[in-house]
Each structure stands twice: as C-alpha cells, then as structure tokens.
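Engineer: The structure follows.
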Amino acid sequence: MKMGLVVLVRNLLLTLCLCLVLGFMYYAAWKLHLLRWEDPKYDRLGFLLKLDSKLPAELATKYANLSDGACKPGYASALMTAIFPKFSRPAPMFLDDSFRKWARIRDFVPPFGIKGQDNLIKAILSATKEYHLTPALDSLSCRRCIIIGNGGVLANKSLGARIDDYDIVVRLNSAPVKGFEKDVGGKTTLRITYPEGAMQRPEEYEKDSLFVLAGFKWQDFKWLKYIVYKEKVSASDGFWKSVATRVPKEPPEIRILNPYFIQEAAFSFIGLPFNHGLMGRGNIPTLGTVAVTMALHSCDQVAVAGFGYDMSSPNAPLHYYESVRMAAIKESWTHNIQREKEFLRKLVKAHVITDLTSGI
C-alpha cells in the first residue's frame with residue numbers, strides 16, 4: 001500500500017514537471033512570436049518607424065548609373081518593401097476571367113471583395129473582353145504613373161505639362177480636364193470612379209481613356225452591367241444620389257478595378273477597423289488612396305498631385321475646379337482622413353511616391 005502511494009506521488013510529480021516544462025516552452029514561443037511581430041523598428045502595422053529621407057544604400061547603388069529623369073524599374077515597389085516588408089507586388093490591376101480563383105477577394109463582400117457578385121462580373125467581363133491596359137503601355141519596360149487628386153492645392157501651379165509627361169495619368173471621379181489643362185494637364189489614361197462619382201454628361205468624357213469602376217457596393221456592379229449592355233439604369237437600386245445613365249465608352253474600354261486594392265489600403269496600409277470585412281464607420285479608404293495602392297503594384301515610379309486638405313485655411317478652395325471653400329468639408333462617416341494622411345506621409349517621406357503639390 002505504501003509502495004503504491006509512493007509510485008502515485010512520483011507519477012504526479014513527473015506529470016507536474018512535464019506540464020511546467022511544456023508551459024514554459026509555450027510561454028517562450030509566445031514571447032518570441034511577440035518579439036518578432038512587435039519589433040521596435042516597426043509600428044503596429046508593420047511600417048518602419050524611422051523613415052530615412054535617404055535612399056537605402058543598395059538602392060542608391062542600383063539606380064546610381066541612371067541619368068536624371070530616366071524611369072527607374074522597380075523603384076516604388078523596392079522602396080515600399082524596404083519600409084513595409086510585408087508588401088507583395090503581384091496583384092492584377094483589373095479583374096479578369098480568373099477573378100473567382102483569387103482567394104484574397106473571394107471571401108469578402110464589396111468593397112473589399114467580390115463575394116456574391118460572380119454572375120454580374122462574369123456578365124460584364126464577357127462583354128468587355130479586355131483586362132489589361134493598352135498594348136503600348138503593357139509593352140513598356142518601365143512605367144511612370146501619376147494620380148491626380150481633386151484638391152484646390154492644384155490650382156495655379158502650372159503643372160499641366162509635367163503631368164502630361166507621365167506614361168499613365170490617373171484621374172478620379174468627375175474631376176474635369178477641359179479648361180484646366182494649364183494646371184492639371186490634358187492627358188487621361190484611366191478615370192477611376194463609382195456610380196455616384198461618375199461624370200453625368202457624356203460630352204465630358206475624354207476619348208482616349210479607359211473607364212474603370214471601383215466597386216464599393218453590390219449596386220455598383222449592377223450599374224456597370226447596365227452601362228456595358230446599354231440598358232436603362234434604375235433609380236431605385238439604392239444609390240445615395242443621382243448617377244450617370246450613360247457612359248460614352250465601348251465595352252473594350254471599360255475595366256473593373258481589383259477590389260484587393262481597397263482591402264489592402266484599408267486594413268494593411270491605413271489600419272482601419274476590420275468590422276468583420278464589412279463596410280462600416282470610418283473603414284473605407286478614399287479613392288485617391290486606393291489609386292495610389294493600385295499604382296504601387298502596377299507602376300515603377302509613382303507621383304501624386306492635388307492631394308491633401310489644409311484644414312487650417314478655411315477660405316482655401318476645396319477643389320481646383322470650383323469655388324467651394326475648405327470650410328465646407330465635413331467629417332466623413334466612411335473615411336478616416338487623418339489616418340490616410342499619416343499613411344501617405346510615410347510614402348512621401350520614404351520617397352516611395354513623389355508629391356508634386358506638397359499637399360500631403
């Protein structure tokens with residue numbers, strides 16, 4: 001009996017020791033995991049905390065022999081990876097026939113994915129049949145891109161010729177070109193928009209540009225199907241304001257922006273609330289930041305102009321094309337402008353992007 005008690009105690013002690021050892025191992029592994037992801041060199045999103053204004057030595061050497069003004073292959077993505085090691089460049093600019101196989105967007109509803117939109121997207125793509133830029137742009141070994149914001153900071157800067165010198169000029173929503181060429185240029189490669197933001201008068205559209213939908217809600221894909229098939233747009237489809245009923249573009253000139261850029265901008269780059277992957281208060285990136293995100297994946301060099309609101313100057317023009325003043329801007333339910341500005345400032349400080357109007 002006594003011997004049995006001794007054996008029992010010994011087994012209990014061995015079990016306890018084993019539990020303590022395993023517990024210590026799990027604790028040590030957990031601490032190492034925290035140390036790895038909470039590296040003091042990086043912020044909570046994974047961006048380098050100390051953003052040096054100088055190029056990393058290896059990149060400075062790589063691009064040292066290029067002449068001034070020459071396009072630098074892989075420049076933006078290399079710098080982005082240097083300050084954000086989790087950045088992975090491969091991501092198609094537009095949706096194509098394989099959209100249902102792309103896991104990053106398959107499980108999210110709009111605006112962060114395509115869940116529930118399969119039939120609409122398939123119908124649109126069967127008519128457009130084009131999923132790339134133009135053959136001339138696709139053949140370039142190095143692409144310089146600029147995203148034109150709509151901010152009043154663009155006014156009276158005479159940047160038109162410099163903007164037109166870029167290979168790809170991206171414009172947003174209904175921002176006009178005609179009459180403002182001296183400041184904003186006359187070239188448009190892509191015009192990215194959603195139904196409520198699209199130009200409503202057909203004569204305002206540029207002839208030599210691609211029309212690109214950024215789908216923020218399921219109604220947006222339904223609207224694009226109406227546009228592509230030249231069907232009557234229904235006003236009862238849940239739009240929050242009047243929308244364009246006709247876009248003077250043939251199906252091959254129409255594209256669908258990859259929703260992954262909305263998802264990546266919101267959650268990876270800006271750190272907006274995830275909200276179970278659903279649209280919610282303050283978790284939708286602005287179209288400008290979405291376009292910048294797209295360009296980081298698709299362009300070798302990236303610039304912006306017309307970005308940034310100076311809230312300290314209430315009488316400054318809000319947009320370059322109208323007389324509305326900065327004081328008219330209200331807090332947005334969907335966007336977090338301050339968090340976006342912090343993200344864009346990181347890119348400017350680290351030379352990932354160039355801000356021609358110094359508004360960020």
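Residue numbering restarts at 1 in every chain; chains get A, B, ... in the order shown in the structure tokens, and ligands count up from 1 in that same order.
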Per residue of region 256-277 of chain A within 12 Å of region 187-203 of chain A, what are the shortest atom pair and its distance in Å to one decimal, counting only C-alpha atoms, with rows by chain and residue number, as a Markdown table?

Structural biologist:
| residue | atom | partner | partner_atom | distance |
| --- | --- | --- | --- | --- |
| A:Ile256 | CA | A:Ile192 | CA | 9.2 |
| A:Leu257 | CA | A:Ile192 | CA | 8.0 |
| A:Asn258 | CA | A:Ile192 | CA | 11.5 |

Engineer: Please produce, as JSON lines, a per-residue contact table for region 108-204 of chain A versus region 316-330 of chain A (criterion: any atom at most 7 Å away, only C-alpha atoms considered), showing the nearest atom pair and its distance in Å to one decimal, sorted by chain then residue number.

Structural biologist:
{"residue": "A:Asn150", "atom": "CA", "partner": "A:His319", "partner_atom": "CA", "distance": 5.5}
{"residue": "A:Gly151", "atom": "CA", "partner": "A:His319", "partner_atom": "CA", "distance": 4.4}
{"residue": "A:Gly152", "atom": "CA", "partner": "A:Tyr320", "partner_atom": "CA", "distance": 4.0}
{"residue": "A:Val153", "atom": "CA", "partner": "A:Tyr320", "partner_atom": "CA", "distance": 6.9}
{"residue": "A:Leu154", "atom": "CA", "partner": "A:Tyr320", "partner_atom": "CA", "distance": 5.9}
{"residue": "A:Ala155", "atom": "CA", "partner": "A:Tyr320", "partner_atom": "CA", "distance": 5.1}

Engineer: Those residues with all heavy atoms, as a PDB file, in the first residue's frame please?

Structural biologist:
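And here is the file that came out, out_15.pdb:
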ATOM      1  N   ASN A 150      -8.169  65.804 -56.541  1.00  0.00           N
ATOM      2  CA  ASN A 150      -9.046  66.908 -56.945  1.00  0.00           C
ATOM      3  C   ASN A 150      -8.887  68.157 -56.079  1.00  0.00           C
ATOM      4  O   ASN A 150      -9.676  69.092 -56.176  1.00  0.00           O
ATOM      5  CB  ASN A 150     -10.505  66.440 -56.909  1.00  0.00           C
ATOM      6  CG  ASN A 150     -10.738  65.242 -57.804  1.00  0.00           C
ATOM      7  OD1 ASN A 150      -9.966  64.990 -58.724  1.00  0.00           O
ATOM      8  ND2 ASN A 150     -11.790  64.474 -57.526  1.00  0.00           N
ATOM      9  N   GLY A 151      -7.872  68.170 -55.217  1.00  0.00           N
ATOM     10  CA  GLY A 151      -7.711  69.244 -54.255  1.00  0.00           C
ATOM     11  C   GLY A 151      -7.395  70.606 -54.858  1.00  0.00           C
ATOM     12  O   GLY A 151      -6.763  70.718 -55.917  1.00  0.00           O
ATOM     13  N   GLY A 152      -7.824  71.644 -54.154  1.00  0.00           N
ATOM     14  CA  GLY A 152      -7.569  73.019 -54.577  1.00  0.00           C
ATOM     15  C   GLY A 152      -6.097  73.356 -54.628  1.00  0.00           C
ATOM     16  O   GLY A 152      -5.705  74.343 -55.266  1.00  0.00           O
ATOM     17  N   VAL A 153      -5.264  72.558 -53.989  1.00  0.00           N
ATOM     18  CA  VAL A 153      -3.824  72.793 -53.991  1.00  0.00           C
ATOM     19  C   VAL A 153      -3.243  72.718 -55.410  1.00  0.00           C
ATOM     20  O   VAL A 153      -2.148  73.218 -55.659  1.00  0.00           O
ATOM     21  CB  VAL A 153      -3.129  71.772 -53.054  1.00  0.00           C
ATOM     22  CG1 VAL A 153      -3.228  70.363 -53.616  1.00  0.00           C
ATOM     23  CG2 VAL A 153      -1.690  72.152 -52.778  1.00  0.00           C
ATOM     24  N   LEU A 154      -3.986  72.127 -56.346  1.00  0.00           N
ATOM     25  CA  LEU A 154      -3.534  72.041 -57.739  1.00  0.00           C
ATOM     26  C   LEU A 154      -3.660  73.372 -58.491  1.00  0.00           C
ATOM     27  O   LEU A 154      -2.960  73.603 -59.474  1.00  0.00           O
ATOM     28  CB  LEU A 154      -4.366  70.988 -58.482  1.00  0.00           C
ATOM     29  CG  LEU A 154      -3.718  69.652 -58.821  1.00  0.00           C
ATOM     30  CD1 LEU A 154      -4.730  68.742 -59.503  1.00  0.00           C
ATOM     31  CD2 LEU A 154      -2.495  69.827 -59.704  1.00  0.00           C
ATOM     32  N   ALA A 155      -4.563  74.234 -58.029  1.00  0.00           N
ATOM     33  CA  ALA A 155      -4.852  75.474 -58.745  1.00  0.00           C
ATOM     34  C   ALA A 155      -3.629  76.387 -58.813  1.00  0.00           C
ATOM     35  O   ALA A 155      -2.887  76.544 -57.841  1.00  0.00           O
ATOM     36  CB  ALA A 155      -6.011  76.208 -58.072  1.00  0.00           C
TER      37      ALA A 155
END

Engineer: Separation of CA of Trp218 (chain A) and CA of His276 (chain A), in Å?

Structural biologist: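 Taking CA of Trp218 (chain A) as the start and CA of His276 (chain A) as the end point, the length is 17.1 Å.
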
Engineer: Report the closest atom pair, with its distance in Å rounded to one decimal, for each residue of region 162-220 of chain A that has an atom no farther than 8 Å from region 246-255 of chain A; count only C-alpha atoms, sort by chain and then rising residue number, and write it as JSON lines.

Structural biologist:
{"residue": "A:Gln200", "atom": "CA", "partner": "A:Arg246", "partner_atom": "CA", "distance": 7.4}
{"residue": "A:Pro202", "atom": "CA", "partner": "A:Pro248", "partner_atom": "CA", "distance": 5.7}
{"residue": "A:Tyr205", "atom": "CA", "partner": "A:Pro248", "partner_atom": "CA", "distance": 7.2}
{"residue": "A:Ser209", "atom": "CA", "partner": "A:Glu253", "partner_atom": "CA", "distance": 7.5}
{"residue": "A:Leu210", "atom": "CA", "partner": "A:Glu253", "partner_atom": "CA", "distance": 5.1}
{"residue": "A:Phe211", "atom": "CA", "partner": "A:Ile254", "partner_atom": "CA", "distance": 4.8}
{"residue": "A:Val212", "atom": "CA", "partner": "A:Arg255", "partner_atom": "CA", "distance": 4.7}
{"residue": "A:Leu213", "atom": "CA", "partner": "A:Arg255", "partner_atom": "CA", "distance": 6.4}

Engineer: Would you please work out which residue, of A:Thr354, A:Thr334, A:Ser268, A:Ser98, is nearest to Val302 (chain A) when using only C-alpha atoms?

Structural biologist: A:Thr354

Engineer: Extract, using only C-alpha atoms, all DNA, RNA and protein residues at most 10 Å from Lys50 (chain A), discarding same-chain residues fewer than 2 positions from it, and format them as an MDAnalysis selection string.

Structural biologist: chainID A and resid 41:43 47:48 52:53 83 346 350

Engineer: DSSP on the backbone, then: every residue of region 253-352 of chain A marked helix (DSSP H, G or I), written as a short mmCIF file (atom, residue, chain, number, x, y, z; two decimals) with all heavy atoms, in the first residue's frame.

Structural biologist:
data_model
loop_
_atom_site.label_atom_id
_atom_site.label_comp_id
_atom_site.auth_asym_id
_atom_site.auth_seq_id
_atom_site.Cartn_x
_atom_site.Cartn_y
_atom_site.Cartn_z
N GLU A 253 -13.36 49.37 -73.65
CA GLU A 253 -12.71 50.50 -72.97
C GLU A 253 -13.06 50.55 -71.48
O GLU A 253 -12.72 51.51 -70.80
CB GLU A 253 -13.13 51.82 -73.62
CG GLU A 253 -12.77 51.93 -75.10
CD GLU A 253 -13.35 53.19 -75.72
OE1 GLU A 253 -14.60 53.27 -75.84
OE2 GLU A 253 -12.56 54.09 -76.07
N TYR A 260 -9.01 44.14 -54.36
CA TYR A 260 -7.94 43.91 -53.39
C TYR A 260 -7.26 45.20 -52.99
O TYR A 260 -6.82 45.35 -51.84
CB TYR A 260 -6.90 42.95 -53.97
CG TYR A 260 -5.71 42.75 -53.05
CD1 TYR A 260 -5.87 42.10 -51.82
CD2 TYR A 260 -4.46 43.25 -53.38
CE1 TYR A 260 -4.79 41.95 -50.96
CE2 TYR A 260 -3.38 43.10 -52.53
CZ TYR A 260 -3.55 42.44 -51.32
OH TYR A 260 -2.48 42.30 -50.47
N PHE A 261 -7.20 46.17 -53.90
CA PHE A 261 -6.54 47.43 -53.57
C PHE A 261 -7.32 48.21 -52.50
O PHE A 261 -6.74 48.92 -51.69
CB PHE A 261 -6.35 48.28 -54.83
CG PHE A 261 -5.55 47.59 -55.89
CD1 PHE A 261 -6.02 47.53 -57.20
CD2 PHE A 261 -4.35 46.98 -55.60
CE1 PHE A 261 -5.30 46.88 -58.19
CE2 PHE A 261 -3.61 46.32 -56.58
CZ PHE A 261 -4.10 46.27 -57.88
N ILE A 262 -8.64 48.09 -52.52
CA ILE A 262 -9.46 48.71 -51.47
C ILE A 262 -9.20 48.01 -50.14
O ILE A 262 -9.02 48.65 -49.10
CB ILE A 262 -10.96 48.64 -51.83
CG1 ILE A 262 -11.23 49.33 -53.17
CG2 ILE A 262 -11.81 49.26 -50.72
CD1 ILE A 262 -12.67 49.24 -53.65
N GLN A 263 -9.16 46.69 -50.18
CA GLN A 263 -8.91 45.89 -48.98
C GLN A 263 -7.53 46.17 -48.40
O GLN A 263 -7.37 46.39 -47.20
CB GLN A 263 -9.03 44.40 -49.36
CG GLN A 263 -8.80 43.45 -48.22
CD GLN A 263 -8.69 42.01 -48.72
OE1 GLN A 263 -7.83 41.25 -48.29
NE2 GLN A 263 -9.55 41.62 -49.66
N GLU A 264 -6.51 46.16 -49.25
CA GLU A 264 -5.14 46.37 -48.79
C GLU A 264 -4.95 47.77 -48.23
O GLU A 264 -4.32 47.96 -47.18
CB GLU A 264 -4.16 46.11 -49.92
CG GLU A 264 -2.70 46.22 -49.49
CD GLU A 264 -1.73 45.90 -50.62
OE1 GLU A 264 -1.91 46.46 -51.73
OE2 GLU A 264 -0.81 45.11 -50.42
N ALA A 265 -5.48 48.77 -48.94
CA ALA A 265 -5.36 50.15 -48.46
C ALA A 265 -6.00 50.30 -47.09
O ALA A 265 -5.41 50.89 -46.17
CB ALA A 265 -6.00 51.11 -49.46
N ALA A 266 -7.20 49.74 -46.93
CA ALA A 266 -7.95 49.91 -45.68
C ALA A 266 -7.28 49.21 -44.50
O ALA A 266 -7.04 49.82 -43.45
CB ALA A 266 -9.37 49.38 -45.85
N PHE A 267 -6.98 47.94 -44.63
CA PHE A 267 -6.58 47.14 -43.48
C PHE A 267 -5.07 46.99 -43.31
O PHE A 267 -4.57 47.01 -42.18
CB PHE A 267 -7.23 45.75 -43.58
CG PHE A 267 -8.72 45.79 -43.74
CD1 PHE A 267 -9.37 44.97 -44.64
CD2 PHE A 267 -9.49 46.70 -43.01
CE1 PHE A 267 -10.75 45.02 -44.80
CE2 PHE A 267 -10.86 46.77 -43.17
CZ PHE A 267 -11.50 45.92 -44.07
N SER A 268 -4.32 46.88 -44.41
CA SER A 268 -2.88 46.68 -44.30
C SER A 268 -2.11 47.99 -44.18
O SER A 268 -1.19 48.11 -43.38
CB SER A 268 -2.36 45.89 -45.51
OG SER A 268 -2.94 44.62 -45.56
N PHE A 269 -2.49 48.98 -44.99
CA PHE A 269 -1.71 50.21 -45.07
C PHE A 269 -2.17 51.29 -44.09
O PHE A 269 -1.36 51.97 -43.48
CB PHE A 269 -1.77 50.78 -46.49
CG PHE A 269 -1.08 49.95 -47.52
CD1 PHE A 269 -1.29 50.17 -48.87
CD2 PHE A 269 -0.20 48.94 -47.15
CE1 PHE A 269 -0.65 49.41 -49.83
CE2 PHE A 269 0.45 48.16 -48.10
CZ PHE A 269 0.22 48.40 -49.45
N ILE A 270 -3.50 51.47 -43.96
CA ILE A 270 -4.01 52.55 -43.10
C ILE A 270 -4.37 52.04 -41.71
O ILE A 270 -4.28 52.76 -40.73
CB ILE A 270 -5.26 53.22 -43.75
CG1 ILE A 270 -4.96 53.63 -45.18
CG2 ILE A 270 -5.69 54.44 -42.94
CD1 ILE A 270 -6.18 54.13 -45.95
N ASN A 275 -14.09 45.36 -38.96
CA ASN A 275 -15.56 45.25 -38.94
C ASN A 275 -16.06 43.99 -39.65
O ASN A 275 -17.00 44.04 -40.44
CB ASN A 275 -16.18 46.50 -39.59
CG ASN A 275 -17.68 46.62 -39.34
OD1 ASN A 275 -18.15 46.31 -38.25
ND2 ASN A 275 -18.43 47.04 -40.34
N HIS A 276 -15.39 42.87 -39.36
CA HIS A 276 -15.78 41.58 -39.94
C HIS A 276 -15.76 41.59 -41.48
O HIS A 276 -16.47 40.82 -42.12
CB HIS A 276 -17.17 41.15 -39.46
CG HIS A 276 -17.33 41.15 -37.98
ND1 HIS A 276 -16.69 40.24 -37.16
CD2 HIS A 276 -18.05 41.96 -37.16
CE1 HIS A 276 -17.00 40.47 -35.90
NE2 HIS A 276 -17.81 41.52 -35.87
N GLY A 277 -14.94 42.47 -42.05
CA GLY A 277 -14.84 42.53 -43.50
C GLY A 277 -16.00 43.22 -44.18
O GLY A 277 -16.20 43.06 -45.39
N LEU A 287 -10.85 57.16 -52.66
CA LEU A 287 -10.48 56.65 -53.98
C LEU A 287 -9.04 57.03 -54.33
O LEU A 287 -8.34 56.28 -55.02
CB LEU A 287 -11.45 57.19 -55.03
CG LEU A 287 -11.50 56.47 -56.37
CD1 LEU A 287 -11.74 54.99 -56.19
CD2 LEU A 287 -12.58 57.09 -57.26
N GLY A 288 -8.59 58.18 -53.84
CA GLY A 288 -7.21 58.60 -54.10
C GLY A 288 -6.21 57.63 -53.53
O GLY A 288 -5.24 57.23 -54.19
N THR A 289 -6.42 57.21 -52.28
CA THR A 289 -5.50 56.27 -51.64
C THR A 289 -5.61 54.89 -52.29
O THR A 289 -4.61 54.17 -52.40
CB THR A 289 -5.79 56.18 -50.14
OG1 THR A 289 -5.57 57.48 -49.55
CG2 THR A 289 -4.88 55.18 -49.45
N VAL A 290 -6.80 54.51 -52.72
CA VAL A 290 -6.96 53.24 -53.44
C VAL A 290 -6.16 53.28 -54.74
O VAL A 290 -5.47 52.30 -55.10
CB VAL A 290 -8.46 52.97 -53.74
CG1 VAL A 290 -8.61 51.77 -54.68
CG2 VAL A 290 -9.22 52.73 -52.45
N ALA A 291 -6.20 54.41 -55.45
CA ALA A 291 -5.45 54.55 -56.70
C ALA A 291 -3.95 54.50 -56.45
O ALA A 291 -3.19 53.91 -57.24
CB ALA A 291 -5.83 55.85 -57.40
N VAL A 292 -3.49 55.11 -55.36
CA VAL A 292 -2.06 55.04 -55.00
C VAL A 292 -1.67 53.59 -54.74
O VAL A 292 -0.61 53.12 -55.19
CB VAL A 292 -1.77 55.92 -53.78
CG1 VAL A 292 -0.37 55.64 -53.23
CG2 VAL A 292 -1.90 57.40 -54.13
N THR A 293 -2.52 52.86 -54.02
CA THR A 293 -2.24 51.46 -53.72
C THR A 293 -2.13 50.65 -55.00
O THR A 293 -1.23 49.82 -55.17
CB THR A 293 -3.35 50.88 -52.82
OG1 THR A 293 -3.42 51.64 -51.61
CG2 THR A 293 -3.10 49.42 -52.48
N MET A 294 -3.05 50.88 -55.92
CA MET A 294 -3.00 50.22 -57.23
C MET A 294 -1.67 50.51 -57.94
O MET A 294 -1.02 49.61 -58.48
CB MET A 294 -4.16 50.70 -58.11
CG MET A 294 -4.13 50.18 -59.53
SD MET A 294 -5.06 51.22 -60.69
CE MET A 294 -3.96 52.64 -60.85
N ALA A 295 -1.26 51.78 -57.91
CA ALA A 295 -0.04 52.19 -58.60
C ALA A 295 1.21 51.55 -58.00
O ALA A 295 2.15 51.22 -58.72
CB ALA A 295 0.09 53.71 -58.58
N LEU A 296 1.23 51.33 -56.69
CA LEU A 296 2.38 50.69 -56.06
C LEU A 296 2.59 49.29 -56.61
O LEU A 296 3.72 48.79 -56.66
CB LEU A 296 2.19 50.63 -54.54
CG LEU A 296 2.21 51.97 -53.80
CD1 LEU A 296 1.92 51.77 -52.33
CD2 LEU A 296 3.55 52.69 -53.99
N HIS A 297 1.50 48.64 -57.00
CA HIS A 297 1.59 47.29 -57.56
C HIS A 297 1.89 47.30 -59.05
O HIS A 297 2.43 46.32 -59.58
CB HIS A 297 0.28 46.54 -57.33
CG HIS A 297 0.06 46.11 -55.92
ND1 HIS A 297 0.52 44.91 -55.42
CD2 HIS A 297 -0.57 46.72 -54.89
CE1 HIS A 297 0.17 44.80 -54.14
NE2 HIS A 297 -0.48 45.89 -53.80
N SER A 298 1.51 48.35 -59.74
CA SER A 298 1.49 48.31 -61.20
C SER A 298 2.49 49.24 -61.87
O SER A 298 2.69 49.14 -63.09
CB SER A 298 0.08 48.68 -61.70
OG SER A 298 -0.91 47.92 -61.04
N MET A 326 -12.70 75.37 -48.19
CA MET A 326 -12.30 74.30 -47.30
C MET A 326 -13.25 74.18 -46.10
O MET A 326 -13.47 73.08 -45.57
CB MET A 326 -10.86 74.55 -46.80
CG MET A 326 -10.14 73.32 -46.32
SD MET A 326 -9.72 72.16 -47.64
CE MET A 326 -8.57 73.13 -48.62
N ALA A 327 -13.82 75.27 -45.69
CA ALA A 327 -14.71 75.27 -44.53
C ALA A 327 -15.94 74.40 -44.75
O ALA A 327 -16.61 73.99 -43.79
CB ALA A 327 -15.13 76.70 -44.19
N ALA A 328 -16.24 74.09 -46.02
CA ALA A 328 -17.44 73.32 -46.32
C ALA A 328 -17.27 71.83 -46.04
O ALA A 328 -18.25 71.09 -45.97
CB ALA A 328 -17.84 73.51 -47.79
N ILE A 337 -9.72 60.53 -42.68
CA ILE A 337 -8.77 61.34 -43.44
C ILE A 337 -7.43 61.45 -42.73
O ILE A 337 -6.37 61.41 -43.36
CB ILE A 337 -9.36 62.75 -43.71
CG1 ILE A 337 -10.66 62.64 -44.51
CG2 ILE A 337 -8.34 63.61 -44.45
CD1 ILE A 337 -10.52 61.97 -45.85
N GLN A 338 -7.46 61.58 -41.41
CA GLN A 338 -6.21 61.74 -40.66
C GLN A 338 -5.33 60.51 -40.77
O GLN A 338 -4.11 60.60 -40.98
CB GLN A 338 -6.51 62.04 -39.18
CG GLN A 338 -5.27 62.32 -38.33
CD GLN A 338 -4.41 63.44 -38.88
OE1 GLN A 338 -4.91 64.46 -39.34
NE2 GLN A 338 -3.09 63.26 -38.84
N ARG A 339 -5.93 59.32 -40.66
CA ARG A 339 -5.16 58.08 -40.76
C ARG A 339 -4.60 57.91 -42.17
O ARG A 339 -3.47 57.43 -42.35
CB ARG A 339 -6.04 56.88 -40.39
CG ARG A 339 -6.47 56.84 -38.94
CD ARG A 339 -5.38 56.25 -38.03
NE ARG A 339 -5.37 54.80 -38.14
CZ ARG A 339 -6.15 53.98 -37.43
NH1 ARG A 339 -7.03 54.49 -36.56
NH2 ARG A 339 -6.05 52.68 -37.56
N GLU A 340 -5.38 58.31 -43.16
CA GLU A 340 -4.89 58.22 -44.54
C GLU A 340 -3.71 59.15 -44.76
O GLU A 340 -2.74 58.80 -45.41
CB GLU A 340 -6.01 58.56 -45.53
CG GLU A 340 -7.05 57.48 -45.67
CD GLU A 340 -7.82 57.57 -46.97
OE1 GLU A 340 -7.24 57.95 -48.00
OE2 GLU A 340 -9.03 57.24 -46.96
N LYS A 341 -3.82 60.34 -44.19
CA LYS A 341 -2.73 61.32 -44.34
C LYS A 341 -1.45 60.78 -43.72
O LYS A 341 -0.35 60.94 -44.28
CB LYS A 341 -3.13 62.64 -43.70
CG LYS A 341 -2.12 63.76 -43.93
CD LYS A 341 -2.57 65.07 -43.30
CE LYS A 341 -3.72 65.69 -44.06
NZ LYS A 341 -4.02 67.06 -43.58
N GLU A 342 -1.57 60.11 -42.58
CA GLU A 342 -0.40 59.52 -41.93
C GLU A 342 0.26 58.48 -42.83
O GLU A 342 1.49 58.41 -42.93
CB GLU A 342 -0.81 58.88 -40.60
CG GLU A 342 -1.21 59.89 -39.53
CD GLU A 342 -1.88 59.24 -38.33
OE1 GLU A 342 -1.92 57.98 -38.27
OE2 GLU A 342 -2.35 59.96 -37.44
N PHE A 343 -0.56 57.66 -43.48
CA PHE A 343 -0.03 56.65 -44.40
C PHE A 343 0.67 57.30 -45.58
O PHE A 343 1.81 56.94 -45.93
CB PHE A 343 -1.17 55.74 -44.88
CG PHE A 343 -0.87 54.97 -46.13
CD1 PHE A 343 0.19 54.07 -46.17
CD2 PHE A 343 -1.62 55.17 -47.29
CE1 PHE A 343 0.48 53.37 -47.34
CE2 PHE A 343 -1.34 54.48 -48.44
CZ PHE A 343 -0.29 53.57 -48.47
N LEU A 344 0.02 58.26 -46.21
CA LEU A 344 0.60 58.90 -47.39
C LEU A 344 1.87 59.67 -47.04
O LEU A 344 2.82 59.72 -47.83
CB LEU A 344 -0.43 59.83 -48.03
CG LEU A 344 -1.64 59.13 -48.66
CD1 LEU A 344 -2.67 60.15 -49.11
CD2 LEU A 344 -1.23 58.25 -49.83
N ARG A 345 1.91 60.24 -45.85
CA ARG A 345 3.13 60.95 -45.42
C ARG A 345 4.31 59.99 -45.28
O ARG A 345 5.46 60.35 -45.56
CB ARG A 345 2.87 61.68 -44.10
CG ARG A 345 2.14 63.00 -44.28
CD ARG A 345 1.83 63.67 -42.96
NE ARG A 345 1.26 64.99 -43.17
CZ ARG A 345 0.70 65.71 -42.20
NH1 ARG A 345 0.64 65.23 -40.95
NH2 ARG A 345 0.20 66.90 -42.46
N LYS A 346 4.03 58.76 -44.85
CA LYS A 346 5.10 57.76 -44.78
C LYS A 346 5.68 57.52 -46.17
O LYS A 346 6.90 57.44 -46.35
CB LYS A 346 4.54 56.44 -44.22
CG LYS A 346 4.12 56.46 -42.77
CD LYS A 346 3.45 55.15 -42.41
CE LYS A 346 2.86 55.19 -41.00
NZ LYS A 346 2.11 53.95 -40.67
N LEU A 347 4.80 57.40 -47.16
CA LEU A 347 5.26 57.13 -48.52
C LEU A 347 6.08 58.29 -49.07
O LEU A 347 7.09 58.08 -49.75
CB LEU A 347 4.06 56.87 -49.43
CG LEU A 347 3.16 55.69 -49.09
CD1 LEU A 347 2.15 55.45 -50.22
CD2 LEU A 347 3.94 54.42 -48.82
N VAL A 348 5.64 59.52 -48.79
CA VAL A 348 6.36 60.69 -49.28
C VAL A 348 7.71 60.80 -48.60
O VAL A 348 8.75 61.03 -49.25
CB VAL A 348 5.53 61.98 -49.05
CG1 VAL A 348 6.36 63.21 -49.37
CG2 VAL A 348 4.28 61.96 -49.92
N LYS A 349 7.74 60.63 -47.28
CA LYS A 349 8.99 60.77 -46.53
C LYS A 349 10.03 59.75 -46.96
O LYS A 349 11.23 60.03 -46.99
CB LYS A 349 8.71 60.64 -45.03
CG LYS A 349 9.93 60.98 -44.16
CD LYS A 349 9.56 61.03 -42.69
CE LYS A 349 10.78 61.44 -41.86
NZ LYS A 349 10.46 61.50 -40.41
#

Engineer: Enter the distance from CA of Ala57 (chain A) to CA of Leu79 (chain A), in Å, rounded to one decimal.

Structural biologist: 11.4 Å

Engineer: Name the closest residue to Gln117 (chain A) among the candidates A:Phe99, A:Trp333, A:Phe307, A:Tyr75; distances are taken between atoms, counting only C-alpha atoms.

Structural biologist: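 Selected residue with least distance to Gln117 (chain A): A:Phe99.
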